[in-house]
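*Asks:* Quick one: the structure is below, questions incoming.
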Amino acid sequence: MGTLLDAQDILGVYYTPNGKPVVGVNHVSVTIQEGEVLGLAGESGSGKSTLGSIISLTARSPLVVESGTVEIDGERQNLARMDRIPRTWRGAVVSMLPQGAMNSVSATMRIRDLVFDVMRAHDGKVSKDEALDRARDRLVSLGLPPRALDAYPHQLSGGMKQRVVTIISTLLNPRLLIADEPTSALDVSSQKALIEMLLEMLDKRIMSGVIFITHDLPALRTVATHIGVMYQGRMVETGPTDVIVDNPEHPYTQALLSSVLTPEPKYAKIRIEGMSSYDRSLFDAPEVKH
Ligand SMILES: Nc1ncnc2c1ncn2[C@@H]1O[C@H](COP(=O)(O)OP(=O)(O)OP(=O)(O)O)[C@@H](O)[C@H]1O
């Protein structure tokens, strides 16, 4: 298995009109091998979505990528020059499943219209029949009913909608899928179904790797082969899932794990308060790579 993604030295800054610049991602490098699921964990505001949007080439103003490169299949792109990155990279090399994607689907569009729009955006010559055939085959191969294509979004359950949107975002067989909080709005059984589907898609080589963004570290045990923990825009610890979960070395990872994995009700308050009781100066320790 070779290297799928090699992203180096990504610096992403938000320039808001009235405020001072906010560093969303601070010189982060990340690599993913073929077949891996990299779970990105960290508190709200740690930079997970910003990093995901930069790697998926969907970063938008006020976010400016000041530096960074991505290399996939030996082809390197300069992230600070998004305008020079071939359009075919978006969707076909890297694809983003954005946070809340299932709610942003227009209520008046049938799923099949969405399929056509997505395919058309990448290939102006694709016919409606070709696009629908591809989507139908994909649904069937993943055990979902092809009649979902005829439905309006509100006619599908939340779990089904998220699985369908995931399938649509991978119709072009991207090498890498970046999924931002794909399970957080779902009930437990729908979460499980989505994760099983993602793993099946990897097995079928529909995509060759996944970045799975969540603030829910325990959820990553079931899906991630590797975990990257972010804190204040930096990557503080990366490694195989069992190493990160069982033997975290960075003080931030240790604090994050102990604040979210405490099951006893008497610790519920600690869990709710999250990380606020920790001495944050310890978290400035250097990055740990396993
Ligand atoms: N549109 C924006 N304008 C200005 N600052 C922003 C914007 N979006 C994000 N930020 C800032 O960038 C930093 C990283 O935010 P980001 O959304 O990437 O974190 P996150 O880890 O994905 O959080 P969450 O789990 O809440 O989605 C935070 O300080 C955040 O306030």
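Each chain in the structure tokens gets a letter, A, B and so on, in the order shown; residues start at 1 in every chain, and ligands are counted from 1 in the order they appear.
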Report the closest atom pair, with its distance in Å rounded to one decimal, for each residue of chain A that has an atom no farther than 6 Å from ligand 1; count only C-alpha atoms and all ligand atoms, sort by chain and then rising residue number, and write it as a tab-separated table.

*Replies:*
residue	atom	partner	partner_atom_place_in_ligand_line	distance
A:Tyr14	CA	ligand 1	4 (C)	5.0
A:Thr16	CA	ligand 1	4 (C)	5.9
A:Val22	CA	ligand 1	5 (N)	5.7
A:Gly24	CA	ligand 1	12 (O)	3.9
A:Glu43	CA	ligand 1	21 (O)	5.8
A:Ser44	CA	ligand 1	26 (O)	3.6
A:Gly45	CA	ligand 1	19 (O)	3.3
A:Ser46	CA	ligand 1	21 (O)	3.8
A:Gly47	CA	ligand 1	18 (O)	3.3
A:Lys48	CA	ligand 1	22 (O)	3.9
A:Ser49	CA	ligand 1	22 (O)	3.5
A:Thr50	CA	ligand 1	18 (O)	3.7
A:His215	CA	ligand 1	25 (O)	5.7

*Asks:* Please save N, CA, C and O atoms of the selected residues as a PDB file, in the first residue's frame.

*Replies:*
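What landed in part.pdb:
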ATOM      1  N   TYR A  14      -8.184  33.169   8.342  1.00  0.00           N
ATOM      2  CA  TYR A  14      -9.448  33.866   8.048  1.00  0.00           C
ATOM      3  C   TYR A  14      -9.211  35.370   8.157  1.00  0.00           C
ATOM      4  O   TYR A  14      -8.768  35.858   9.201  1.00  0.00           O
ATOM      5  N   THR A  16     -11.281  38.440   8.282  1.00  0.00           N
ATOM      6  CA  THR A  16     -12.634  38.984   8.363  1.00  0.00           C
ATOM      7  C   THR A  16     -12.561  40.501   8.176  1.00  0.00           C
ATOM      8  O   THR A  16     -11.557  41.116   8.554  1.00  0.00           O
ATOM      9  N   VAL A  22      -7.632  35.468  11.852  1.00  0.00           N
ATOM     10  CA  VAL A  22      -7.708  34.301  12.728  1.00  0.00           C
ATOM     11  C   VAL A  22      -7.024  33.136  12.015  1.00  0.00           C
ATOM     12  O   VAL A  22      -7.392  32.795  10.888  1.00  0.00           O
ATOM     13  N   GLY A  24      -6.724  29.621  11.251  1.00  0.00           N
ATOM     14  CA  GLY A  24      -7.587  28.435  11.377  1.00  0.00           C
ATOM     15  C   GLY A  24      -6.771  27.158  11.412  1.00  0.00           C
ATOM     16  O   GLY A  24      -7.055  26.243  12.192  1.00  0.00           O
ATOM     17  N   GLU A  43     -11.531  19.697  19.918  1.00  0.00           N
ATOM     18  CA  GLU A  43     -12.699  20.486  20.338  1.00  0.00           C
ATOM     19  C   GLU A  43     -13.205  21.367  19.211  1.00  0.00           C
ATOM     20  O   GLU A  43     -12.512  21.591  18.220  1.00  0.00           O
ATOM     21  N   SER A  44     -14.366  21.925  19.452  1.00  0.00           N
ATOM     22  CA  SER A  44     -14.921  22.896  18.523  1.00  0.00           C
ATOM     23  C   SER A  44     -13.938  24.060  18.359  1.00  0.00           C
ATOM     24  O   SER A  44     -13.378  24.550  19.339  1.00  0.00           O
ATOM     25  N   GLY A  45     -13.691  24.440  17.124  1.00  0.00           N
ATOM     26  CA  GLY A  45     -12.791  25.562  16.875  1.00  0.00           C
ATOM     27  C   GLY A  45     -11.330  25.184  16.756  1.00  0.00           C
ATOM     28  O   GLY A  45     -10.466  26.050  16.593  1.00  0.00           O
ATOM     29  N   SER A  46     -11.016  23.882  16.803  1.00  0.00           N
ATOM     30  CA  SER A  46      -9.609  23.474  16.762  1.00  0.00           C
ATOM     31  C   SER A  46      -9.038  23.485  15.343  1.00  0.00           C
ATOM     32  O   SER A  46      -7.827  23.330  15.174  1.00  0.00           O
ATOM     33  N   GLY A  47      -9.901  23.599  14.338  1.00  0.00           N
ATOM     34  CA  GLY A  47      -9.389  23.721  12.961  1.00  0.00           C
ATOM     35  C   GLY A  47      -9.689  22.537  12.060  1.00  0.00           C
ATOM     36  O   GLY A  47      -9.226  22.484  10.925  1.00  0.00           O
ATOM     37  N   LYS A  48     -10.500  21.601  12.551  1.00  0.00           N
ATOM     38  CA  LYS A  48     -10.776  20.379  11.779  1.00  0.00           C
ATOM     39  C   LYS A  48     -11.461  20.696  10.442  1.00  0.00           C
ATOM     40  O   LYS A  48     -11.036  20.242   9.383  1.00  0.00           O
ATOM     41  N   SER A  49     -12.554  21.473  10.528  1.00  0.00           N
ATOM     42  CA  SER A  49     -13.291  21.787   9.289  1.00  0.00           C
ATOM     43  C   SER A  49     -12.456  22.637   8.352  1.00  0.00           C
ATOM     44  O   SER A  49     -12.527  22.486   7.129  1.00  0.00           O
ATOM     45  N   THR A  50     -11.663  23.540   8.927  1.00  0.00           N
ATOM     46  CA  THR A  50     -10.809  24.397   8.092  1.00  0.00           C
ATOM     47  C   THR A  50      -9.804  23.539   7.334  1.00  0.00           C
ATOM     48  O   THR A  50      -9.639  23.690   6.118  1.00  0.00           O
ATOM     49  N   HIS A 215     -15.998  15.712  16.494  1.00  0.00           N
ATOM     50  CA  HIS A 215     -15.516  16.060  17.829  1.00  0.00           C
ATOM     51  C   HIS A 215     -15.776  14.898  18.784  1.00  0.00           C
ATOM     52  O   HIS A 215     -15.441  14.955  19.957  1.00  0.00           O
TER      53      HIS A 215
END

*Asks:* Within 12 Å of region 199-213 of chain A, which residues of region 82-164 of chain A show up? Give each one with its shortest atom-to-atom distance in Å (one decimal) and the two atoms involved, counting only C-alpha atoms, rows by chain then rising residue number, as a tab-separated table.

*Replies:*
residue	atom	partner	partner_atom	distance
A:Gly91	CA	A:Met207	CA	11.0
A:Ala92	CA	A:Met207	CA	9.7
A:Val93	CA	A:Met207	CA	9.1
A:Val94	CA	A:Met207	CA	9.3
A:Ser95	CA	A:Met207	CA	9.6
A:Met96	CA	A:Ile211	CA	9.5
A:Leu97	CA	A:Phe212	CA	9.7
A:Pro98	CA	A:Ile213	CA	10.0
A:Gln99	CA	A:Ile213	CA	9.1
A:Arg138	CA	A:Ile206	CA	9.4
A:Leu139	CA	A:Met201	CA	11.1
A:Ser141	CA	A:Lys204	CA	9.5
A:Leu142	CA	A:Glu200	CA	7.7
A:Gly143	CA	A:Glu200	CA	10.4
A:Arg163	CA	A:Met201	CA	11.3

*Asks:* CA of Leu57 (chain A) and CA of Ile85 (chain A) are how many Å apart?

*Replies:*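 CA of Ile85 (chain A) lies at a distance of 8.7 Å from CA of Leu57 (chain A).
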
*Asks:* Name the closest residue to Val243 (chain A) among the candidates A:Met82, A:Ile54, A:Val288, A:Ile168; distances are taken between atoms, counting only C-alpha atoms.

*Replies:* A:Val288

*Asks:* Run DSSP on the backbone and grab whatever in region 26-251 of chain A lands in strand (DSSP E or B); send it over as an MDAnalysis selection string.

*Replies:* chainID A and resid 26:33 37:41 63:72 75:78 94:97 176:180 209:213 226:231 234:240

*Asks:* Point out the residue among A:Leu51, A:Val28, A:Asp73, A:Asp137 with the least atom-to-atom distance to Gly2 (chain A), counting only C-alpha atoms.

*Replies:*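 Residue with the minimum atom-to-atom distance to Gly2 (chain A): A:Asp73.
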
*Asks:* Here is a test: counting only C-alpha atoms, which residue of A:Val30, A:Ala135, A:Leu11, A:Ala107 is nearest to Gln155 (chain A)?

*Replies:*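 For Gln155 (chain A), the nearest of the given residues is A:Ala107.
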
*Asks:* I want to know what sits within 12 Å of region 218-225 of chain A, based on only C-alpha atoms, with residues of the same chain fewer than 6 positions away left out; could you give that as a PyMOL selection string?

*Replies:* chain A and resi 32-42+179+181-184+188+191-200+202+209-212+238-246+256-263

*Asks:* Just give me the gap between CA of Phe116 (chain A) and CA of Asp129 (chain A) in Å, one decimal is fine.

*Replies:*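 Between these atoms lies a distance of 8.8 Å.
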
*Asks:* Pick out each residue of region 94-248 of chain A that DSSP on the backbone tags as alpha helix (DSSP H); I need them as a ChimeraX atom specification.

*Replies:* /A:111-122,128-141,158-168,188-203,217-223,241-246

*Asks:* Generate a file of the selected residues that holds C-alpha atoms, formatted as a short mmCIF file (atom, residue, chain, number, x, y, z; two decimals), in the first residue's frame.

*Replies:*
data_model
loop_
_atom_site.label_atom_id
_atom_site.label_comp_id
_atom_site.auth_asym_id
_atom_site.auth_seq_id
_atom_site.Cartn_x
_atom_site.Cartn_y
_atom_site.Cartn_z
CA ILE A 111 -32.53 13.25 -5.55
CA ARG A 112 -32.09 12.42 -9.23
CA ASP A 113 -31.91 16.13 -10.13
CA LEU A 114 -29.18 16.54 -7.53
CA VAL A 115 -27.29 13.59 -9.04
CA PHE A 116 -27.48 15.17 -12.48
CA ASP A 117 -26.36 18.58 -11.18
CA VAL A 118 -23.35 17.09 -9.39
CA MET A 119 -22.27 14.96 -12.37
CA ARG A 120 -22.90 17.82 -14.80
CA ALA A 121 -20.74 20.21 -12.78
CA HIS A 122 -17.77 17.94 -13.41
CA LYS A 128 -29.06 12.56 -17.62
CA ASP A 129 -29.40 8.84 -18.36
CA GLU A 130 -25.69 8.22 -17.87
CA ALA A 131 -25.68 10.11 -14.59
CA LEU A 132 -28.74 8.26 -13.30
CA ASP A 133 -27.43 4.87 -14.41
CA ARG A 134 -24.23 5.47 -12.49
CA ALA A 135 -26.14 6.54 -9.36
CA ARG A 136 -28.58 3.62 -9.63
CA ASP A 137 -25.75 1.08 -9.96
CA ARG A 138 -23.99 2.63 -6.99
CA LEU A 139 -27.10 2.54 -4.79
CA VAL A 140 -27.77 -1.10 -5.69
CA SER A 141 -24.15 -2.15 -5.14
CA GLY A 158 -32.24 11.33 8.10
CA GLY A 159 -30.03 8.26 7.96
CA MET A 160 -31.03 7.37 4.40
CA LYS A 161 -30.59 10.97 3.27
CA GLN A 162 -27.05 11.06 4.67
CA ARG A 163 -26.15 7.75 3.00
CA VAL A 164 -27.56 8.97 -0.32
CA VAL A 165 -25.70 12.30 -0.09
CA THR A 166 -22.52 10.36 0.71
CA ILE A 167 -23.03 8.22 -2.38
CA ILE A 168 -23.65 11.30 -4.53
CA VAL A 188 -27.07 5.45 16.81
CA SER A 189 -28.32 2.87 14.29
CA SER A 190 -28.07 5.33 11.38
CA GLN A 191 -24.54 6.23 12.52
CA LYS A 192 -23.63 2.56 12.41
CA ALA A 193 -25.20 2.10 8.97
CA LEU A 194 -23.31 5.09 7.56
CA ILE A 195 -19.99 3.94 8.99
CA GLU A 196 -20.53 0.42 7.63
CA MET A 197 -21.32 1.89 4.23
CA LEU A 198 -18.18 4.06 4.25
CA LEU A 199 -16.06 1.01 5.08
CA GLU A 200 -17.76 -0.99 2.33
CA MET A 201 -17.07 1.84 -0.13
CA LEU A 202 -13.41 1.73 0.83
CA ASP A 203 -13.41 -2.04 0.40
CA LEU A 217 -13.54 10.78 19.77
CA PRO A 218 -15.22 7.52 20.85
CA ALA A 219 -17.03 7.39 17.48
CA LEU A 220 -13.64 7.21 15.82
CA ARG A 221 -12.83 3.86 17.41
CA THR A 222 -15.27 2.15 15.06
CA VAL A 223 -14.26 3.85 11.84
CA THR A 241 -6.26 4.52 16.52
CA ASP A 242 -5.43 2.03 19.27
CA VAL A 243 -2.20 3.87 20.14
CA ILE A 244 -3.97 7.23 20.35
CA VAL A 245 -6.87 5.84 22.38
CA ASP A 246 -4.90 3.55 24.70
#

*Asks:* Just give me the gap between CA of Gln254 (chain A) and CA of Ser56 (chain A) in Å, one decimal is fine.

*Replies:*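 That distance, rounded to one decimal, is 28.9 Å.
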
*Asks:* Using only C-alpha atoms, can you tell me which of A:Met1, A:Val126, A:Ala80, A:Ala148 comes closest to Arg110 (chain A)?

*Replies:*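 Going through A:Met1, A:Val126, A:Ala80, A:Ala148 one by one, the smallest distance to Arg110 (chain A) is for A:Ala148.
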